[in-house]
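Chemist: Just passing along the structure, written as structure tokens.
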Amino acid sequence: MLKNITIALGAGFIGSIANVLAIYLINPLQGLSQPDHIFIYKQVFWGGLWALLYCLPFLKQRWLIKGIAVGFLASLCTFFVFQAIPFSPINIIKAFTVNIVAWGGCSSFFFYKATKSDDTL
């Protein structure tokens, strides 16, 4: 169990880097400034915490669906619990893109691959 927690944190951190890179690519299209280092630290921290949900025993073989589910949950919490960004159509598209596609896809893939290949760890 401790091994899976460590792998989940690492996968979440890697997924957060993908998330930040996606934001770096999307923000200029909206005319927004680039994120600062505090934003990056916050994304990496929360990305690791959200990835701990990968340790729960649901959808073990369906890494993509698991990543989409956790990314969707993170997006909903961004709007309705943390209220970190305003609720607008462009922000909804942006949040779902970076949380589900970039973070969820990347982190769930790395978690699945790292937990399936015991010989590399």
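Each chain in the structure tokens gets a letter, A, B and so on, in the order shown; residues start at 1 in every chain, and ligands are counted from 1 in the order they appear.
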Just want the 8 Å neighbourhood of Gln34 of chain A, counted on only C-alpha atoms, with same-chain residues fewer than 3 positions away dropped. Output as a list in words.
Modeler: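 So the residues in contact are Tyr24, Asn27 and Pro28 of chain A.
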Chemist: List the neighbours of segment 100-112 of chain A out to 9 Å using only C-alpha atoms; skip same-chain residues closer than 3 positions along the sequence, and give me the result as a PyMOL selection string.
Modeler: chain A and resi 4+7-22+47+51+54+60-72+74-75+95-97+115-117
Chemist: Looking at only C-alpha atoms, which of A:Cys77, A:Ile23, A:Ala84, A:Lys113 is the one that sits closest to Trp50 of chain A?
Modeler: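 Counting only C-alpha atoms, the residue closest to Trp50 of chain A is A:Cys77.
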Chemist: To test your reading of the structure, identify every residue in segment 24-121 of chain A that backbone DSSP assigns to alpha helix (DSSP H), and report it as a PyMOL selection string.
Modeler: chain A and resi 24-30+37-51+63-80+89-96+105-116
Chemist: For the selection just defined, write its residues with C-alpha atoms to a file, as a CSV table (one decimal), in the first residue's frame.
Modeler:
```
chain,number,residue,atom,x,y,z
A,24,TYR,CA,1.3,27.9,-20.4
A,25,LEU,CA,0.1,27.0,-23.9
A,26,ILE,CA,-3.6,28.1,-23.3
A,27,ASN,CA,-3.1,31.4,-21.4
A,28,PRO,CA,-1.6,33.3,-24.3
A,29,LEU,CA,-4.6,32.4,-26.5
A,30,GLN,CA,-6.8,34.1,-23.9
A,37,HIS,CA,6.1,30.0,-9.3
A,38,ILE,CA,3.5,30.1,-6.5
A,39,PHE,CA,0.8,28.8,-8.9
A,40,ILE,CA,3.1,26.0,-10.1
A,41,TYR,CA,3.9,24.9,-6.6
A,42,LYS,CA,0.2,24.9,-5.8
A,43,GLN,CA,-0.7,22.8,-8.9
A,44,VAL,CA,2.0,20.3,-8.1
A,45,PHE,CA,0.9,19.9,-4.5
A,46,TRP,CA,-2.8,19.5,-5.3
A,47,GLY,CA,-1.9,17.2,-8.2
A,48,GLY,CA,-0.2,14.8,-5.9
A,49,LEU,CA,-3.1,14.9,-3.4
A,50,TRP,CA,-5.7,14.3,-6.1
A,51,ALA,CA,-3.6,11.4,-7.4
A,63,TRP,CA,-6.5,3.8,-16.3
A,64,LEU,CA,-8.0,6.3,-18.8
A,65,ILE,CA,-11.5,6.2,-17.3
A,66,LYS,CA,-10.0,6.5,-13.8
A,67,GLY,CA,-8.0,9.6,-14.9
A,68,ILE,CA,-11.0,11.1,-16.5
A,69,ALA,CA,-13.1,10.5,-13.3
A,70,VAL,CA,-10.5,12.0,-10.9
A,71,GLY,CA,-9.8,14.9,-13.3
A,72,PHE,CA,-13.6,15.6,-13.6
A,73,LEU,CA,-13.9,15.6,-9.8
A,74,ALA,CA,-10.9,18.0,-9.5
A,75,SER,CA,-12.6,20.3,-12.0
A,76,LEU,CA,-15.9,20.3,-10.2
A,77,CYS,CA,-14.1,21.1,-6.9
A,78,THR,CA,-12.2,23.9,-8.6
A,79,PHE,CA,-15.5,25.6,-9.4
A,80,PHE,CA,-17.8,24.7,-6.6
A,89,PRO,CA,-17.8,29.0,-20.5
A,90,ILE,CA,-14.2,29.6,-21.4
A,91,ASN,CA,-13.0,28.7,-17.9
A,92,ILE,CA,-15.1,25.6,-17.9
A,93,ILE,CA,-13.5,24.4,-21.2
A,94,LYS,CA,-10.0,25.4,-20.0
A,95,ALA,CA,-10.4,23.6,-16.6
A,96,PHE,CA,-11.8,20.4,-18.1
A,105,GLY,CA,-4.5,11.4,-18.7
A,106,CYS,CA,-0.9,11.8,-17.9
A,107,SER,CA,-1.0,11.0,-14.2
A,108,SER,CA,-3.3,8.0,-14.5
A,109,PHE,CA,-1.1,6.6,-17.3
A,110,PHE,CA,2.0,6.9,-15.2
A,111,PHE,CA,0.3,5.4,-12.2
A,112,TYR,CA,-1.0,2.4,-14.2
A,113,LYS,CA,2.4,1.8,-15.9
A,114,ALA,CA,4.4,2.1,-12.6
A,115,THR,CA,2.1,-0.2,-10.7
A,116,LYS,CA,2.0,-2.8,-13.5
```
Chemist: Would you mind telling me which residue in A:Ser88, A:Met1, A:Val98, A:Gln83 lies nearest to Leu56 of chain A when using only C-alpha atoms?
Modeler: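 Ranking A:Ser88, A:Met1, A:Val98, A:Gln83 by distance to Leu56 of chain A, first place goes to A:Met1.
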